[in-house]
$ cat my_file-v7.cif   # mmCIF, C-alpha atoms
data_final
loop_
_atom_site.label_atom_id
_atom_site.label_comp_id
_atom_site.auth_asym_id
_atom_site.auth_seq_id
_atom_site.Cartn_x
_atom_site.Cartn_y
_atom_site.Cartn_z
CA ILE A 1316 12.08 27.47 48.58
CA ARG A 1317 10.24 30.68 49.53
CA PHE A 1318 10.19 29.73 53.22
CA MET A 1319 13.90 28.93 53.08
CA ARG A 1320 14.76 32.19 51.34
CA ASP A 1321 12.75 34.25 53.82
CA VAL A 1322 14.20 32.59 56.93
CA ILE A 1323 17.76 32.64 55.66
CA GLY A 1324 17.41 36.27 54.54
CA ARG A 1325 16.27 37.31 58.04
CA HIS A 1326 18.71 35.29 60.10
CA GLN A 1327 21.74 34.77 57.86
CA PRO A 1328 22.34 37.54 55.29
CA PRO A 1329 24.16 36.65 52.04
CA LEU A 1330 27.92 36.29 52.26
CA GLN A 1331 28.73 38.60 49.38
CA ASP A 1332 32.17 38.64 47.78
CA GLU A 1333 32.52 42.16 46.37
CA SER A 1334 35.19 40.99 43.94
CA GLN A 1335 32.56 38.75 42.28
CA GLU A 1336 29.65 41.19 42.41
CA SER A 1337 27.93 41.69 39.08
CA PRO A 1338 27.08 45.27 38.09
CA GLY A 1339 23.39 46.04 38.38
CA ARG A 1340 22.42 43.30 40.80
CA GLY A 1341 22.74 42.56 44.47
CA PRO A 1342 23.82 39.23 45.91
CA LEU A 1343 21.77 36.11 45.26
CA PRO A 1344 19.94 34.76 48.36
CA LEU A 1345 22.52 32.02 49.01
CA GLU A 1346 25.58 33.87 47.74
CA ASN A 1347 28.83 32.08 48.71
CA LYS A 1348 27.18 29.73 51.23
CA ARG A 1349 28.11 26.08 51.76
CA ILE A 1350 25.01 23.86 51.85
CA LEU A 1351 24.43 20.18 52.66
CA ASP A 1352 21.27 18.56 51.22
CA ILE A 1353 20.58 15.36 53.20
CA GLY A 1354 18.50 12.78 51.35
CA CYS A 1355 19.02 14.60 48.06
CA GLY A 1356 17.16 12.03 45.96
CA GLY A 1357 17.21 13.04 42.30
CA GLY A 1358 18.95 16.33 43.10
CA LEU A 1359 16.13 18.76 42.30
CA LEU A 1360 16.55 20.74 45.54
CA THR A 1361 20.34 20.49 45.27
CA GLU A 1362 20.20 22.11 41.84
CA SER A 1363 17.80 24.85 42.97
CA LEU A 1364 20.05 25.77 45.88
CA SER A 1365 23.03 26.02 43.55
CA ARG A 1366 21.12 28.35 41.22
CA LEU A 1367 20.44 30.64 44.19
CA GLY A 1368 24.14 31.41 44.48
CA ALA A 1369 25.62 28.80 46.84
CA SER A 1370 29.36 28.37 46.50
CA LEU A 1371 28.97 24.61 47.07
CA VAL A 1372 25.99 22.30 47.51
CA VAL A 1373 26.73 18.75 48.63
CA GLY A 1374 23.88 16.32 47.97
CA VAL A 1375 24.13 13.17 50.07
CA ASP A 1376 21.94 10.09 49.77
CA ALA A 1377 22.11 6.68 51.43
CA SER A 1378 21.63 5.12 47.98
CA SER A 1379 24.65 5.22 45.67
CA ARG A 1380 22.41 4.58 42.67
CA VAL A 1381 20.14 7.52 43.50
CA ALA A 1382 23.15 9.83 43.85
CA GLU A 1383 24.45 8.67 40.47
CA VAL A 1384 21.10 9.51 38.85
CA ALA A 1385 21.15 12.95 40.50
CA GLU A 1386 24.67 13.59 39.21
CA PHE A 1387 23.67 12.59 35.69
CA HIS A 1388 20.65 14.91 35.83
CA SER A 1389 22.72 17.86 37.08
CA PHE A 1390 25.55 17.54 34.59
CA HIS A 1391 23.96 16.29 31.39
CA VAL A 1392 25.26 17.74 28.15
CA ASN A 1393 22.80 20.67 28.07
CA SER A 1394 23.07 21.52 31.76
CA ARG A 1395 24.09 25.04 32.74
CA LEU A 1396 25.12 24.01 36.25
CA THR A 1397 28.76 24.15 37.31
CA GLU A 1398 30.30 20.88 38.46
CA GLY A 1399 32.57 22.63 40.94
CA LYS A 1400 29.54 24.05 42.76
CA ILE A 1401 27.63 20.78 43.19
CA ARG A 1402 28.95 17.51 44.58
CA TYR A 1403 27.07 14.28 45.18
CA VAL A 1404 27.95 11.69 47.81
CA GLY A 1405 26.19 8.34 47.51
CA GLY A 1406 26.04 5.40 49.87
CA ARG A 1407 26.56 7.60 52.91
CA THR A 1408 24.26 8.65 55.75
CA ALA A 1409 24.26 11.95 57.64
CA GLU A 1410 25.63 10.11 60.68
CA GLU A 1411 28.54 8.75 58.65
CA LEU A 1412 29.32 12.22 57.32
CA ALA A 1413 29.28 13.59 60.87
CA ASP A 1414 31.58 10.80 62.08
CA ARG A 1415 34.09 11.69 59.37
CA SER A 1416 33.89 15.44 60.03
CA THR A 1417 36.92 17.14 61.58
CA ASN A 1418 34.73 20.00 62.92
CA ASP A 1419 36.99 22.38 61.00
CA ASN A 1420 34.85 25.46 60.37
CA GLU A 1421 35.94 25.47 56.73
CA GLU A 1422 34.43 21.99 56.25
CA LEU A 1423 31.16 22.73 58.05
CA PHE A 1424 28.05 24.14 56.37
CA ASP A 1425 26.13 27.41 56.55
CA ILE A 1426 22.88 25.57 55.79
CA VAL A 1427 21.78 21.93 56.11
CA THR A 1428 18.50 20.68 54.67
CA ALA A 1429 16.60 17.49 55.50
CA LEU A 1430 13.37 17.80 53.53
CA GLU A 1431 10.88 14.91 53.51
CA VAL A 1432 13.53 12.62 54.99
CA ILE A 1433 12.99 11.96 58.69
CA GLU A 1434 9.71 10.07 58.14
CA HIS A 1435 11.68 7.48 56.15
CA VAL A 1436 14.56 6.76 58.55
CA PRO A 1437 14.58 4.44 61.60
CA ASP A 1438 16.16 7.00 63.97
CA PRO A 1439 15.21 10.58 63.07
CA ALA A 1440 16.75 11.98 66.27
CA SER A 1441 20.14 10.53 65.28
CA LEU A 1442 19.89 12.04 61.80
CA LEU A 1443 18.95 15.47 63.17
CA ASN A 1444 21.76 15.38 65.72
CA ALA A 1445 24.24 14.57 62.95
CA ALA A 1446 22.81 17.32 60.74
CA SER A 1447 23.15 19.87 63.55
CA SER A 1448 26.76 18.86 64.20
CA LEU A 1449 27.65 19.64 60.59
CA LEU A 1450 26.54 23.28 60.89
CA LYS A 1451 28.82 26.25 61.42
CA PRO A 1452 27.99 28.59 64.32
CA ASN A 1453 24.86 30.57 63.27
CA GLY A 1454 24.18 27.88 60.67
CA ILE A 1455 20.57 27.00 59.83
CA LEU A 1456 18.95 23.56 59.71
CA LEU A 1457 15.77 23.23 57.62
CA VAL A 1458 13.51 20.23 58.21
CA SER A 1459 10.23 19.32 56.52
CA THR A 1460 8.03 16.32 57.22
CA ILE A 1461 4.40 15.31 57.87
CA ASN A 1462 2.55 15.80 61.16
CA ARG A 1463 1.05 12.74 62.88
CA THR A 1464 -2.66 13.66 62.91
CA MET A 1465 -5.88 12.05 61.71
CA LYS A 1466 -5.98 14.69 58.98
CA SER A 1467 -2.54 13.63 57.72
CA TYR A 1468 -3.62 9.97 57.75
CA GLY A 1469 -6.61 10.83 55.61
CA LEU A 1470 -4.76 13.07 53.16
CA ALA A 1471 -1.15 11.80 53.00
CA ILE A 1472 -1.96 8.08 53.13
CA VAL A 1473 -5.59 7.28 52.27
CA ALA A 1474 -6.11 10.00 49.66
CA ALA A 1475 -2.60 10.28 48.23
CA GLU A 1476 -1.69 6.58 48.18
CA TYR A 1477 -4.95 4.67 47.82
CA ILE A 1478 -7.52 7.00 46.22
CA SER A 1479 -5.63 9.31 43.86
CA GLY A 1480 -2.55 7.11 43.41
CA LYS A 1481 -0.35 10.23 43.35
CA VAL A 1482 2.02 8.45 45.75
CA PRO A 1483 2.88 4.72 45.57
CA ALA A 1484 0.96 2.67 48.16
CA GLY A 1485 3.07 1.91 51.21
CA THR A 1486 5.36 4.95 50.82
CA HIS A 1487 4.45 6.32 54.24
CA ASP A 1488 4.05 4.89 57.72
CA TRP A 1489 1.76 7.12 59.80
CA ASN A 1490 3.66 6.16 62.96
CA GLN A 1491 6.82 7.69 61.47
CA PHE A 1492 5.21 11.12 61.03
CA ARG A 1493 6.40 13.77 63.51
CA SER A 1494 4.80 16.89 64.95
CA PRO A 1495 6.65 20.23 65.07
CA ALA A 1496 6.97 19.88 68.85
CA GLU A 1497 8.54 16.42 68.55
CA VAL A 1498 11.09 17.58 65.99
CA GLU A 1499 11.84 20.65 68.09
CA ARG A 1500 12.67 18.39 71.03
CA MET A 1501 14.89 16.22 68.84
CA VAL A 1502 16.81 19.17 67.43
CA CYS A 1503 17.08 20.94 70.79
CA SER A 1504 17.77 17.80 72.78
CA THR A 1505 19.24 19.59 75.82
CA GLY A 1506 17.98 22.73 77.46
CA GLY A 1507 15.00 23.23 75.14
CA CYS A 1508 14.96 25.56 72.16
CA ASP A 1509 14.32 28.54 74.46
CA GLY A 1510 16.98 27.52 76.98
CA ASN A 1511 20.67 26.85 76.65
CA ALA A 1512 20.48 24.37 73.79
CA ALA A 1513 22.92 24.56 70.89
CA MET A 1514 19.96 25.05 68.50
CA LYS A 1515 16.90 27.29 68.55
CA GLN A 1516 13.76 27.30 66.41
CA ILE A 1517 13.54 30.40 64.21
CA GLY A 1518 10.72 29.57 61.82
CA LEU A 1519 7.73 27.26 61.30
CA SER A 1520 5.03 27.02 58.63
CA GLY A 1521 2.54 24.56 57.24
CA MET A 1522 2.51 23.68 53.54
CA VAL A 1523 -0.98 23.23 52.09
CA ILE A 1524 -2.35 22.26 48.70
CA ASP A 1525 -4.45 24.96 47.03
CA PRO A 1526 -7.78 24.00 45.43
CA PRO A 1527 -8.43 22.50 42.96
CA PHE A 1528 -6.30 19.86 44.65
CA VAL A 1529 -5.62 17.90 41.45
CA ASN A 1530 -3.15 20.60 40.34
CA LEU A 1531 -0.93 20.02 43.40
CA ARG A 1532 -0.18 23.72 43.81
CA TRP A 1533 1.33 24.37 47.24
CA SER A 1534 1.41 27.46 49.42
CA LEU A 1535 2.69 28.33 52.90
CA ASP A 1536 0.24 28.62 55.80
CA PRO A 1537 1.80 29.28 59.24
CA GLY A 1538 -1.57 28.55 60.85
CA ASP A 1539 -2.00 25.04 59.44
CA VAL A 1540 0.69 22.50 60.34
CA ASP A 1541 -1.75 19.58 60.47
CA VAL A 1542 -0.22 17.75 57.51
CA ASN A 1543 2.94 18.95 55.73
CA TRP A 1544 5.12 21.44 57.55
CA ILE A 1545 8.62 22.94 57.50
CA GLY A 1546 10.74 24.29 60.34
CA ALA A 1547 14.01 26.19 60.65
CA TYR A 1548 16.52 25.91 63.51
CA GLN A 1549 19.65 27.99 64.06
CA LYS A 1550 22.87 26.98 65.79
CA ARG A 1551 24.12 29.24 68.57
CA ALA A 1552 27.11 31.40 67.74
CA SER A 1553 29.18 29.83 70.49
#
$ encode --input "my_file-v7.cif" --output "structure tokens"
Amino acid sequence: IRFMRDVIGRHQPPLQDESQESPGRGPLPLENKRILDIGCGGGLLTESLSRLGASLVVGVDASSRVAEVAEFHSFHVNSRLTEGKIRYVGGRTAEELADRSTNDNEELFDIVTALEVIEHVPDPASLLNAASSLLKPNGILLVSTINRTMKSYGLAIVAAEYISGKVPAGTHDWNQFRSPAEVERMVCSTGGCDGNAAMKQIGLSGMVIDPPFVNLRWSLDPGDVDVNWIGAYQKRAS
């Protein structure tokens, strides 16, 4: 969340509606933004994004059942979340959403997230292309995944799945992990991110576990993208 807030704050200031401004506080980081959360799972990120001021967060998951669970979690009887600001779409992929899109700017999104998703899909380039197409001009795509290194094999598979049991065995396929350079090429499929591509990379950081590792406390480390990492990519204005 901190990486997302920092990148969005630098490259896409809050869209503040002065008529809704509360006395004594400035705009929330995602004030009045439309956000798409691809692979929303149980909706934890979807809910966090809504709390940061988004006008609408759409959580989409290929599993209808998973989306139903997320909806139940978000809108249980003691929830303080607003139904009109969160919507879940189950049984639909990013590609299917893109195919149904009219490319009307009002239906597109200021921010699209695909966190810990591309290592679980058969065609990550297709998903990222669809995600990019659903962005407004100047919109930001945020992608996190695991790098394909020997270090990631040791930590994300051997240690996490077979030694500590923190992750169910078989969750990950090392061959599906992607390096920052590979994802950059997928997102900026023509012209390169520094050329005339529709998208450009605007942020990159590793995510590392702080010792003692059993507590699973994470921090950002731009110098260590050997295992978990997150990147941000912005759509050209025109």
$ closest_residue --input "my_file-v7.cif" --among "A:Tyr1403, A:Phe1424, A:Phe1387, A:Phe1492" --to "A:Asn1453" --atoms "all atoms listed in the file"
A:Phe1424
$ closest_atom_pairs --input "my_file-v7.cif" --of "stretch 1390-1501 of chain A" --to "stretch 1369-1378 of chain A" --cutoff "10 Å" --atoms "only C-alpha atoms" --output "Markdown table"
| residue | atom | partner | partner_atom | distance |
| --- | --- | --- | --- | --- |
| A:Thr1397 | CA | A:Leu1371 | CA | 9.8 |
| A:Glu1398 | CA | A:Leu1371 | CA | 9.5 |
| A:Gly1399 | CA | A:Leu1371 | CA | 7.4 |
| A:Lys1400 | CA | A:Leu1371 | CA | 4.4 |
| A:Ile1401 | CA | A:Val1372 | CA | 4.9 |
| A:Arg1402 | CA | A:Val1373 | CA | 4.8 |
| A:Tyr1403 | CA | A:Gly1374 | CA | 4.7 |
| A:Val1404 | CA | A:Val1375 | CA | 4.7 |
| A:Gly1405 | CA | A:Asp1376 | CA | 5.1 |
| A:Gly1406 | CA | A:Ala1377 | CA | 4.4 |
| A:Arg1407 | CA | A:Ala1377 | CA | 4.8 |
| A:Thr1408 | CA | A:Ala1377 | CA | 5.2 |
| A:Ala1409 | CA | A:Val1375 | CA | 7.7 |
| A:Glu1411 | CA | A:Ala1377 | CA | 9.9 |
| A:Leu1412 | CA | A:Val1375 | CA | 9.0 |
| A:Phe1424 | CA | A:Val1372 | CA | 9.3 |
| A:Asp1425 | CA | A:Ala1369 | CA | 9.8 |
| A:Ile1426 | CA | A:Val1372 | CA | 9.4 |
| A:Val1427 | CA | A:Val1373 | CA | 9.5 |
| A:Thr1428 | CA | A:Gly1374 | CA | 9.6 |
$ write_last_selection --input "my_file-v7.cif" --atoms "C-alpha atoms" --output "tab-separated table (two decimals), keeping the file's coordinate frame"
chain	number	residue	atom	x	y	z
A	1397	THR	CA	28.76	24.15	37.31
A	1398	GLU	CA	30.30	20.88	38.46
A	1399	GLY	CA	32.57	22.63	40.94
A	1400	LYS	CA	29.54	24.05	42.76
A	1401	ILE	CA	27.63	20.78	43.19
A	1402	ARG	CA	28.95	17.51	44.58
A	1403	TYR	CA	27.07	14.28	45.18
A	1404	VAL	CA	27.95	11.69	47.81
A	1405	GLY	CA	26.19	8.34	47.51
A	1406	GLY	CA	26.04	5.40	49.87
A	1407	ARG	CA	26.56	7.60	52.91
A	1408	THR	CA	24.26	8.65	55.75
A	1409	ALA	CA	24.26	11.95	57.64
A	1411	GLU	CA	28.54	8.75	58.65
A	1412	LEU	CA	29.32	12.22	57.32
A	1424	PHE	CA	28.05	24.14	56.37
A	1425	ASP	CA	26.13	27.41	56.55
A	1426	ILE	CA	22.88	25.57	55.79
A	1427	VAL	CA	21.78	21.93	56.11
A	1428	THR	CA	18.50	20.68	54.67
$ atom_distance --input "my_file-v7.cif" --atom1 "atom CA of A:His1326" --atom2 "atom CA of A:Lys1451"
13.6 Å
$ resolve_selection --input "my_file-v7.cif" --expression "the PyMOL selection byres ((chain A and resi 1355-1364) around 6)" --output "ChimeraX atom specification"
/A:1352-1354,1365-1367,1374-1376,1381,1385
$ resolve_selection --input "my_file-v7.cif" --expression "the PyMOL selection byres ((chain A and resi 1422) around 12)" --output "list in words"
Lys1348, Arg1349, Ile1350, Leu1351, Leu1371, Val1373, Leu1412, Ala1413, Arg1415, Ser1416, Thr1417, Asn1418, Asp1419, Asn1420, Glu1421, Leu1423, Phe1424, Asp1425, Ser1448, Leu1449, Leu1450 and Lys1451 of chain A
$ residues_around --input "my_file-v7.cif" --residues "A:Pro1439" --least-positions-apart "6" --cutoff "10 Å" --atoms "only C-alpha atoms" --output "MDAnalysis selection string"
chainID A and resid 1432:1433 1445 1491 1493 1498 1501:1502
$ residues_around --input "my_file-v7.cif" --residues "A:Leu1519" --least-positions-apart "4" --cutoff "9 Å" --atoms "all atoms listed in the file" --output "number ranges by chain"
A: 1318, 1495, 1537, 1540, 1544-1547
$ residues_near_point --input "my_file-v7.cif" --point "(8.7, 16.3, 50.3)" --cutoff "7 Å" --atoms "all atoms listed in the file" --output "compact mmCIF listing (two decimals) with C-alpha atoms, in the coordinates of the input"
# COMPACT_ATOMS: atom_id res chain seq x y z
CA LEU A 1430 13.37 17.80 53.53
CA GLU A 1431 10.88 14.91 53.51
CA THR A 1460 8.03 16.32 57.22
$ closest_residue --input "my_file-v7.cif" --among "A:Asp1414, A:Asn1462, A:Pro1483, A:Ala1552" --to "A:Leu1442" --atoms "all atoms listed in the file"
A:Asp1414
$ atom_distance --input "my_file-v7.cif" --atom1 "atom CA of A:Leu1456" --atom2 "atom CA of A:Arg1317"
15.2 Å
$ atom_distance --input "my_file-v7.cif" --atom1 "atom CA of A:His1487" --atom2 "atom CA of A:Asp1541"
15.9 Å
$ residues_around --input "my_file-v7.cif" --residues "stretch 1467-1477 of chain A" --least-positions-apart "4" --cutoff "8 Å" --atoms "all atoms listed in the file" --output "PDB file with C-alpha atoms, in the frame of the given file"
ATOM      1  CA  ILE A1461       4.400  15.310  57.870  1.00  0.00           C
ATOM      2  CA  ASN A1462       2.550  15.800  61.160  1.00  0.00           C
ATOM      3  CA  ARG A1463       1.050  12.740  62.880  1.00  0.00           C
ATOM      4  CA  LYS A1481      -0.350  10.230  43.350  1.00  0.00           C
ATOM      5  CA  VAL A1482       2.020   8.450  45.750  1.00  0.00           C
ATOM      6  CA  PRO A1483       2.880   4.720  45.570  1.00  0.00           C
ATOM      7  CA  ALA A1484       0.960   2.670  48.160  1.00  0.00           C
ATOM      8  CA  GLY A1485       3.070   1.910  51.210  1.00  0.00           C
ATOM      9  CA  THR A1486       5.360   4.950  50.820  1.00  0.00           C
ATOM     10  CA  HIS A1487       4.450   6.320  54.240  1.00  0.00           C
ATOM     11  CA  TRP A1489       1.760   7.120  59.800  1.00  0.00           C
ATOM     12  CA  ASP A1541      -1.750  19.580  60.470  1.00  0.00           C
ATOM     13  CA  VAL A1542      -0.220  17.750  57.510  1.00  0.00           C
ATOM     14  CA  ASN A1543       2.940  18.950  55.730  1.00  0.00           C
TER      15      ASN A1543
END
$ build_atoms --input "my_file-v7.cif" --residues "stretch 1341-1359 of chain A" --atoms "N, CA and C atoms" --output "CSV table (one decimal), keeping the file's coordinate frame"
chain,number,residue,atom,x,y,z
A,1341,GLY,N,22.2,42.9,43.1
A,1341,GLY,CA,22.7,42.6,44.5
A,1341,GLY,C,23.1,41.1,44.6
A,1342,PRO,N,23.5,40.6,45.8
A,1342,PRO,CA,23.8,39.2,45.9
A,1342,PRO,C,22.6,38.3,45.8
A,1343,LEU,N,22.8,37.1,45.3
A,1343,LEU,CA,21.8,36.1,45.3
A,1343,LEU,C,21.5,35.7,46.7
A,1344,PRO,N,20.3,35.1,47.0
A,1344,PRO,CA,19.9,34.8,48.4
A,1344,PRO,C,20.9,33.9,49.1
A,1345,LEU,N,21.6,33.0,48.4
A,1345,LEU,CA,22.5,32.0,49.0
A,1345,LEU,C,24.0,32.3,48.6
A,1346,GLU,N,24.3,33.5,48.2
A,1346,GLU,CA,25.6,33.9,47.7
A,1346,GLU,C,26.7,33.4,48.6
A,1347,ASN,N,27.6,32.5,48.1
A,1347,ASN,CA,28.8,32.1,48.7
A,1347,ASN,C,28.6,31.2,50.0
A,1348,LYS,N,27.4,30.6,50.1
A,1348,LYS,CA,27.2,29.7,51.2
A,1348,LYS,C,27.5,28.3,50.9
A,1349,ARG,N,27.9,27.5,51.9
A,1349,ARG,CA,28.1,26.1,51.8
A,1349,ARG,C,26.9,25.4,52.3
A,1350,ILE,N,26.3,24.5,51.5
A,1350,ILE,CA,25.0,23.9,51.8
A,1350,ILE,C,25.1,22.3,51.7
A,1351,LEU,N,24.5,21.6,52.7
A,1351,LEU,CA,24.4,20.2,52.7
A,1351,LEU,C,23.0,19.8,52.5
A,1352,ASP,N,22.6,19.0,51.5
A,1352,ASP,CA,21.3,18.6,51.2
A,1352,ASP,C,21.2,17.1,51.6
A,1353,ILE,N,20.7,16.7,52.7
A,1353,ILE,CA,20.6,15.4,53.2
A,1353,ILE,C,19.4,14.7,52.6
A,1354,GLY,N,19.6,13.5,52.0
A,1354,GLY,CA,18.5,12.8,51.4
A,1354,GLY,C,18.2,13.5,50.1
A,1355,CYS,N,19.2,13.7,49.2
A,1355,CYS,CA,19.0,14.6,48.1
A,1355,CYS,C,18.2,14.0,47.0
A,1356,GLY,N,18.0,12.7,47.0
A,1356,GLY,CA,17.2,12.0,46.0
A,1356,GLY,C,17.7,12.3,44.6
A,1357,GLY,N,16.8,12.8,43.7
A,1357,GLY,CA,17.2,13.0,42.3
A,1357,GLY,C,17.9,14.3,42.1
A,1358,GLY,N,18.1,15.1,43.2
A,1358,GLY,CA,19.0,16.3,43.1
A,1358,GLY,C,18.2,17.6,42.7
A,1359,LEU,N,16.9,17.6,42.7
A,1359,LEU,CA,16.1,18.8,42.3
A,1359,LEU,C,16.3,19.9,43.3
